[in-house]
Amino acid sequence: MKRGGRYRLWRSPRGLICAALGLGFGALALAGFCLPLDPSGLDLGHAWDGPSFGSPCGRDGLGRDLGARLLIGTGTSCGIAVMSLGLALTLGVVFGGAAGWCGGWIDSVIMRGADLLMGIRELALAVIIAVLIGPSPAAIVLILGLGCSPSLIRFVRSLALVQRGQAHVLAAVALGAPPFHVLVTHILPNIAGPLAVRSAAIIGPLVQAEAALSFLGIGVQDPAASLGTLVRDGLFGLRSGPHLIIATTSIIFLIALTFTLLADEVRDVTDPQWPGRSLWEPR
Amino acid sequence: MTQGPGPSGWWGPVGRRVGEAMLALGLAVVFAFVVTRLIPGDPVALLVDGQGGDPEFARRLRLASGVDLPVWRQFLDYVWGLLHGDLGLSLRYGGTPVTTLIGEAAPVTLVLVVSALGVAIPVGIAAGVVSAYRYGTWWDGLLTVGSVLALSLPPVVLATWVMLTAVAVWGVSSVGGDGGLAALAAPVLVLAIPPVGLIARVTRTQILDVLGQDYVRCARAKGLAELAVLIRHALPNAMVAVWAVVGMLGGAVLTSTAVVETVFDLPGLGRLAIFAVLARDYPLTGAVILIFVGLQALFSVLVDVLIVAIDPRSRHPGIGR
């Protein structure tokens with residue numbers, strides 16, 4: 001229906017910049033895991049040192065190399081955000097698809113469950129999961145994944161409902177294709193586009209949420225690093241080494257900004273009827 | 001005008017949401033009970049060791065708290081206590097009743113959330129309306145850039161930047177320590193900025209959409225002043241989606257208060273919740289879960305009543321746009 005939509009993203013300068021920045025953060029995150037870095041080696045003699053040749057970003061209160069911790073921390077935070085998104089998408093496609101495809105009581109049960117989960121979200125969900133399985137990265141993935149699954153379930157269900165009435169789906173069913181086959185080969189490819197747009201809008205807030213939860217202490221635990229724990233370390237050393245907190249919060253801000261703009265751009269490209277089209281588009 | 005299918009009037013949509021809220025609360029009670037039963041080993045021994053370890057006191061406490069009863073009986077007792085405002089004793093505050101702790105912390109958080117939303121809603125709506133009416137001008141550009149920036153400044157970032165500024169400029173290490181109303185200005189501002197960005201964006205989109213509708217053209221054609229068009233015709237129709245977003249924001253702002261209270265050292269519910277989880281104070285954790293789910297349920301019901309009040313279509317299912 002919107003032929004060439006995906007190419008227009010690369011043609012607009014804003015989309016190109018955002019995509020490049022997003023890829024840049026991805027590369028930064030991967031670099032943290034690939035380079036031979038030592039994020040937890042202590043060197044108390046050099047606590048709160050400024051930038052030097054050996055540690056280009058300075059050192060934290062325990063003399064750990066900040067550059068290494070920032071790289072690994074960014075990687076950890078982005079990794080957790082991607083895993084939470086994966087969990088939410090899986091739940092969304094499985095339950096939303098089942099609700100939309102089957103209808104009837106299965107639909108009712110799944111949707112009531114989603115409503116219920118919607119009522120217990122954010123901090124309440126975080127407290128429940130953190131106290132049940134203990135503060136850990138896995139807890140964060142579970143909190144964030146479960147937290148954004150209800151809206152995704154609802155979204156996939158509405159998409160599946162539309163697809164169920166389409167001619168090619170009816171034809172496949174008439175030919176005797178099993179439901180799972182229809183779901184995977186005929187419905188999923190057609191809802192993948194809107195789901196990708198939705199995911200682009202979710203990933204930024206997920207990185208922010210990970211930072212908030214790890215900052216509060218119910219996520220990644222010291223000595224492992226994530227953006228949240230780095231803000232925490234930075235807040236304790238606000239006077240001695242403000243470079244730590246400035247660097248960390250700037251990274252969080254830039255990631256959030258990149259994904260906000262990228263989500264806008266993707267929406268502008270895929271939804272030409274959107275009334276709130278951004279300013280940079282010709283009228 | 002024909003009546004559509006389904007119940008018409010206030011009770012259909014509002015009753016449904018109240019029922020959902022009740023179900024969520026019921027589930028929260030079960031979770032809260034499970035959490036209070038998580039205590040490894042003997043909870044009475046844990047409590048009594050903190051008080052000096054008197055065996056006679058332990059025996060009486062065991063009898064009084066009923067930890068020897070079967071689980072279903074304990075659950076009923078828990079619900080009974082709940083209905084009488086008794087949530088048990090805190091493990092980490094020397095046996096202080098949990099309700100006392102919650103009662104001390106709740107006002108701080110409520111003031112923060114209510115004033116943050118009280119600032120964010122009017123400012124966001126005003127910014128969105130101006131942006132839509134000045135579509136494509138530098139006003140619109142400024143406000144659009146502003147709202148994107150606001151959305152990209154989570155409390156973790158903004159609150160630490162305020163602290164950094166306070167340390168660097170005034171040389172103080174605490175912004176909100178003395179608890180006065182002026183001390184709440186910085187936390188409220190930090191909490192309000194991301195919602196302002198979101199509300200402004202939604203309002204702008206909605207107003208732009210509404211301004212293109214036939215009924216707005218009709219209102220203008222009959223010579224109505226633009227302000228009257230905005231207030232009588234455009235805003236009420238645009239507000240439905242805006243309030244739906246505000247309804248989703250309540251929980252998010254509540255989560256943000258935990259961060260803000262930690263950074264600014266305010267004795268609120270968010271900090272109490274995190275303390276309870278990290279210190280494994282299970283009775284307190286259970287109570288915190290209940291109050292968060294309860295507050296969110298109350299907030300979403302209130303917003304839904306508001307939506308039903310301003311949108312007659314929601315009172316008459318079956319009648320579309």
# chains A, B, ... in the order shown; residues from 1 in each chain; ligands from 1
>>> select_by_dssp(residues="range 118-159 of chain B", states="helix (DSSP H, G or I)", output="JSON, numbers by chain")
{"B": [118, 119, 120, 121, 122, 123, 124, 125, 126, 127, 128, 129, 130, 131, 132, 133, 138, 139, 140, 141, 142, 143, 144, 145, 146, 147, 148, 149, 150, 151, 155, 156, 157, 158, 159]}
>>> write_last_selection(atoms="N, CA, C and O atoms", output="short mmCIF file (atom, residue, chain, number, x, y, z; two decimals), in the first residue's frame")
data_model
loop_
_atom_site.label_atom_id
_atom_site.label_comp_id
_atom_site.auth_asym_id
_atom_site.auth_seq_id
_atom_site.Cartn_x
_atom_site.Cartn_y
_atom_site.Cartn_z
N GLY B 118 -0.60 18.95 38.01
CA GLY B 118 -1.29 20.24 37.99
C GLY B 118 -0.52 21.27 37.17
O GLY B 118 -1.12 22.16 36.57
N VAL B 119 0.80 21.16 37.15
CA VAL B 119 1.60 22.05 36.31
C VAL B 119 1.59 21.55 34.87
O VAL B 119 1.41 22.32 33.92
N ALA B 120 1.78 20.24 34.71
CA ALA B 120 2.02 19.68 33.37
C ALA B 120 0.79 19.76 32.48
O ALA B 120 0.91 20.06 31.29
N ILE B 121 -0.41 19.51 33.03
CA ILE B 121 -1.60 19.44 32.17
C ILE B 121 -1.91 20.79 31.52
O ILE B 121 -1.99 20.88 30.29
N PRO B 122 -2.08 21.90 32.31
CA PRO B 122 -2.39 23.18 31.64
C PRO B 122 -1.26 23.66 30.72
O PRO B 122 -1.54 24.11 29.60
N VAL B 123 -0.01 23.54 31.18
CA VAL B 123 1.11 24.01 30.36
C VAL B 123 1.18 23.21 29.06
O VAL B 123 1.33 23.77 27.97
N GLY B 124 1.04 21.89 29.17
CA GLY B 124 1.12 21.04 27.98
C GLY B 124 0.02 21.34 27.00
O GLY B 124 0.25 21.46 25.79
N ILE B 125 -1.23 21.51 27.52
CA ILE B 125 -2.35 21.79 26.62
C ILE B 125 -2.16 23.14 25.94
O ILE B 125 -2.34 23.27 24.73
N ALA B 126 -1.74 24.15 26.74
CA ALA B 126 -1.54 25.48 26.16
C ALA B 126 -0.48 25.43 25.07
O ALA B 126 -0.68 25.97 23.96
N ALA B 127 0.63 24.73 25.35
CA ALA B 127 1.70 24.65 24.35
C ALA B 127 1.20 23.95 23.09
O ALA B 127 1.49 24.39 21.97
N GLY B 128 0.42 22.88 23.26
CA GLY B 128 -0.09 22.16 22.11
C GLY B 128 -1.03 23.00 21.27
O GLY B 128 -0.97 22.98 20.03
N VAL B 129 -1.91 23.78 21.94
CA VAL B 129 -2.87 24.61 21.21
C VAL B 129 -2.14 25.70 20.42
O VAL B 129 -2.41 25.90 19.22
N VAL B 130 -1.19 26.37 21.09
CA VAL B 130 -0.43 27.42 20.39
C VAL B 130 0.29 26.82 19.19
O VAL B 130 0.28 27.36 18.08
N SER B 131 0.89 25.65 19.40
CA SER B 131 1.65 24.99 18.34
C SER B 131 0.75 24.68 17.15
O SER B 131 1.14 24.90 15.99
N ALA B 132 -0.47 24.19 17.43
CA ALA B 132 -1.37 23.82 16.34
C ALA B 132 -1.87 25.07 15.60
O ALA B 132 -1.97 25.08 14.37
N TYR B 133 -2.19 26.15 16.36
CA TYR B 133 -2.71 27.36 15.72
C TYR B 133 -1.62 28.10 14.94
O TYR B 133 -1.90 28.85 14.02
N TRP B 138 7.66 29.66 13.29
CA TRP B 138 8.76 29.39 14.21
C TRP B 138 8.27 29.13 15.63
O TRP B 138 8.95 28.49 16.41
N TRP B 139 7.05 29.63 15.98
CA TRP B 139 6.44 29.24 17.27
C TRP B 139 6.30 27.73 17.35
O TRP B 139 6.71 27.09 18.32
N ASP B 140 5.69 27.19 16.28
CA ASP B 140 5.48 25.74 16.21
C ASP B 140 6.81 25.02 16.30
O ASP B 140 6.97 24.05 17.04
N GLY B 141 7.80 25.54 15.54
CA GLY B 141 9.12 24.90 15.55
C GLY B 141 9.73 24.87 16.93
O GLY B 141 10.17 23.83 17.41
N LEU B 142 9.68 26.04 17.61
CA LEU B 142 10.25 26.15 18.95
C LEU B 142 9.58 25.17 19.91
O LEU B 142 10.23 24.44 20.66
N LEU B 143 8.22 25.16 19.86
CA LEU B 143 7.48 24.30 20.79
C LEU B 143 7.69 22.82 20.47
O LEU B 143 7.76 21.99 21.37
N THR B 144 7.79 22.50 19.16
CA THR B 144 8.01 21.10 18.79
C THR B 144 9.38 20.62 19.27
O THR B 144 9.50 19.55 19.87
N VAL B 145 10.40 21.45 19.03
CA VAL B 145 11.74 21.09 19.51
C VAL B 145 11.73 20.97 21.03
O VAL B 145 12.28 20.03 21.61
N GLY B 146 11.03 21.93 21.68
CA GLY B 146 10.95 21.90 23.14
C GLY B 146 10.31 20.63 23.65
O GLY B 146 10.79 20.02 24.61
N SER B 147 9.23 20.19 22.98
CA SER B 147 8.55 19.00 23.50
C SER B 147 9.37 17.74 23.25
O SER B 147 9.37 16.82 24.06
N VAL B 148 10.11 17.71 22.13
CA VAL B 148 11.00 16.55 21.90
C VAL B 148 12.09 16.52 22.96
O VAL B 148 12.40 15.47 23.54
N LEU B 149 12.66 17.69 23.28
CA LEU B 149 13.69 17.75 24.32
C LEU B 149 13.11 17.33 25.67
O LEU B 149 13.73 16.56 26.40
N ALA B 150 11.89 17.82 25.98
CA ALA B 150 11.27 17.48 27.26
C ALA B 150 11.07 15.97 27.38
O ALA B 150 11.29 15.38 28.43
N LEU B 151 10.66 15.34 26.27
CA LEU B 151 10.42 13.90 26.29
C LEU B 151 11.72 13.12 26.46
O LEU B 151 11.70 11.98 26.91
N PRO B 155 13.57 11.79 34.45
CA PRO B 155 13.89 12.32 35.77
C PRO B 155 15.31 12.00 36.23
O PRO B 155 15.95 12.82 36.87
N VAL B 156 15.80 10.79 35.87
CA VAL B 156 17.17 10.44 36.30
C VAL B 156 18.15 11.49 35.80
O VAL B 156 19.04 11.93 36.53
N VAL B 157 17.98 11.92 34.56
CA VAL B 157 18.90 12.89 33.96
C VAL B 157 18.64 14.28 34.52
O VAL B 157 19.55 14.95 35.03
N LEU B 158 17.38 14.71 34.48
CA LEU B 158 17.03 16.07 34.86
C LEU B 158 17.34 16.34 36.33
O LEU B 158 17.92 17.38 36.68
N ALA B 159 16.97 15.38 37.20
CA ALA B 159 17.19 15.57 38.64
C ALA B 159 18.67 15.68 38.95
O ALA B 159 19.09 16.54 39.73
#
>>> residues_around(residues="Trp243 in chain B", least_positions_apart="2", cutoff="12 Å", atoms="only C-alpha atoms", output="VMD selection string")
chain B and resid 117 121 to 122 124 to 125 198 to 200 202 to 203 206 235 to 241 245 to 250 299 to 311
>>> write_last_selection(atoms="N, CA, C and O atoms", output="compact mmCIF listing (two decimals), in the first residue's frame")
# COMPACT_ATOMS: atom_id res chain seq x y z
N LEU B 117 1.38 17.03 38.01
CA LEU B 117 0.34 16.93 36.98
C LEU B 117 -0.42 18.25 36.86
O LEU B 117 -0.81 18.66 35.77
N ILE B 121 -0.41 19.51 33.03
CA ILE B 121 -1.60 19.44 32.17
C ILE B 121 -1.91 20.79 31.52
O ILE B 121 -1.99 20.88 30.29
N PRO B 122 -2.08 21.90 32.31
CA PRO B 122 -2.39 23.18 31.64
C PRO B 122 -1.26 23.66 30.72
O PRO B 122 -1.54 24.11 29.60
N GLY B 124 1.04 21.89 29.17
CA GLY B 124 1.12 21.04 27.98
C GLY B 124 0.02 21.34 27.00
O GLY B 124 0.25 21.46 25.79
N ILE B 125 -1.23 21.51 27.52
CA ILE B 125 -2.35 21.79 26.62
C ILE B 125 -2.16 23.14 25.94
O ILE B 125 -2.34 23.27 24.73
N LEU B 198 4.87 15.32 26.42
CA LEU B 198 3.93 14.35 25.87
C LEU B 198 2.56 14.97 25.62
O LEU B 198 1.97 14.83 24.54
N ILE B 199 2.05 15.71 26.64
CA ILE B 199 0.72 16.31 26.52
C ILE B 199 0.70 17.33 25.38
O ILE B 199 -0.26 17.39 24.60
N ALA B 200 1.77 18.11 25.25
CA ALA B 200 1.82 19.11 24.18
C ALA B 200 1.76 18.44 22.81
O ALA B 200 1.05 18.90 21.92
N VAL B 202 0.46 15.44 22.01
CA VAL B 202 -0.85 14.85 21.74
C VAL B 202 -1.86 15.96 21.44
O VAL B 202 -2.66 15.85 20.50
N THR B 203 -1.82 17.06 22.24
CA THR B 203 -2.76 18.15 22.02
C THR B 203 -2.59 18.75 20.63
O THR B 203 -3.57 18.99 19.92
N GLN B 206 -4.06 16.41 18.03
CA GLN B 206 -5.51 16.35 18.10
C GLN B 206 -6.15 17.63 17.58
O GLN B 206 -7.13 17.59 16.84
N LEU B 235 -11.57 22.22 21.44
CA LEU B 235 -10.95 21.65 22.64
C LEU B 235 -11.68 20.42 23.18
O LEU B 235 -11.06 19.40 23.43
N PRO B 236 -13.03 20.49 23.38
CA PRO B 236 -13.69 19.30 23.96
C PRO B 236 -13.44 18.04 23.15
O PRO B 236 -13.23 16.97 23.72
N ASN B 237 -13.43 18.15 21.81
CA ASN B 237 -13.20 16.97 21.00
C ASN B 237 -11.75 16.51 21.05
O ASN B 237 -11.47 15.31 20.96
N ALA B 238 -10.83 17.48 21.19
CA ALA B 238 -9.42 17.10 21.24
C ALA B 238 -9.05 16.51 22.59
O ALA B 238 -8.15 15.70 22.71
N MET B 239 -9.81 16.93 23.65
CA MET B 239 -9.41 16.57 25.01
C MET B 239 -9.54 15.08 25.31
O MET B 239 -8.88 14.57 26.21
N VAL B 240 -10.43 14.36 24.58
CA VAL B 240 -10.67 12.95 24.92
C VAL B 240 -9.35 12.18 24.84
O VAL B 240 -8.97 11.47 25.78
N ALA B 241 -8.63 12.35 23.74
CA ALA B 241 -7.36 11.63 23.57
C ALA B 241 -6.32 12.14 24.57
O ALA B 241 -5.51 11.37 25.07
N VAL B 245 -4.26 9.97 27.51
CA VAL B 245 -2.81 9.97 27.73
C VAL B 245 -2.49 10.31 29.18
O VAL B 245 -1.63 9.69 29.81
N VAL B 246 -3.22 11.30 29.74
CA VAL B 246 -3.00 11.67 31.14
C VAL B 246 -3.27 10.46 32.05
O VAL B 246 -2.54 10.22 33.01
N GLY B 247 -4.31 9.68 31.70
CA GLY B 247 -4.61 8.49 32.50
C GLY B 247 -3.46 7.51 32.52
O GLY B 247 -3.19 6.87 33.54
N MET B 248 -2.74 7.41 31.38
CA MET B 248 -1.58 6.52 31.35
C MET B 248 -0.39 7.12 32.09
O MET B 248 0.50 6.42 32.54
N LEU B 249 -0.39 8.47 32.21
CA LEU B 249 0.75 9.15 32.81
C LEU B 249 0.83 8.99 34.32
O LEU B 249 1.91 9.07 34.89
N GLY B 250 -0.34 8.78 34.97
CA GLY B 250 -0.36 8.73 36.42
C GLY B 250 0.66 7.75 36.98
O GLY B 250 1.46 8.09 37.85
N PHE B 299 -6.74 6.70 40.18
CA PHE B 299 -6.44 7.71 39.17
C PHE B 299 -7.08 7.36 37.82
O PHE B 299 -7.70 8.22 37.18
N SER B 300 -6.99 6.08 37.41
CA SER B 300 -7.53 5.75 36.09
C SER B 300 -9.06 5.80 36.11
O SER B 300 -9.67 6.17 35.11
N VAL B 301 -9.69 5.47 37.26
CA VAL B 301 -11.15 5.60 37.33
C VAL B 301 -11.55 7.08 37.24
O VAL B 301 -12.48 7.44 36.52
N LEU B 302 -10.81 7.95 37.96
CA LEU B 302 -11.11 9.39 37.92
C LEU B 302 -11.01 9.92 36.50
O LEU B 302 -11.90 10.64 36.03
N VAL B 303 -9.92 9.54 35.80
CA VAL B 303 -9.75 10.03 34.44
C VAL B 303 -10.86 9.51 33.53
O VAL B 303 -11.37 10.24 32.67
N ASP B 304 -11.26 8.25 33.76
CA ASP B 304 -12.33 7.69 32.94
C ASP B 304 -13.66 8.39 33.16
O ASP B 304 -14.41 8.63 32.22
N VAL B 305 -13.96 8.72 34.43
CA VAL B 305 -15.18 9.47 34.72
C VAL B 305 -15.15 10.80 33.99
O VAL B 305 -16.13 11.23 33.38
N LEU B 306 -13.97 11.43 34.02
CA LEU B 306 -13.81 12.71 33.34
C LEU B 306 -14.06 12.58 31.83
O LEU B 306 -14.75 13.40 31.22
N ILE B 307 -13.50 11.50 31.23
CA ILE B 307 -13.68 11.30 29.79
C ILE B 307 -15.15 11.09 29.47
O ILE B 307 -15.68 11.67 28.52
N VAL B 308 -15.83 10.26 30.29
CA VAL B 308 -17.25 10.02 30.05
C VAL B 308 -18.04 11.32 30.21
O VAL B 308 -19.00 11.58 29.48
N ALA B 309 -17.58 12.18 31.16
CA ALA B 309 -18.28 13.43 31.39
C ALA B 309 -18.15 14.38 30.19
O ALA B 309 -19.10 15.06 29.83
N ILE B 310 -16.96 14.44 29.57
CA ILE B 310 -16.79 15.41 28.48
C ILE B 310 -17.14 14.84 27.13
O ILE B 310 -17.29 15.58 26.17
N ASP B 311 -17.28 13.51 27.01
CA ASP B 311 -17.53 12.91 25.70
C ASP B 311 -18.86 12.17 25.69
O ASP B 311 -18.94 11.04 26.14
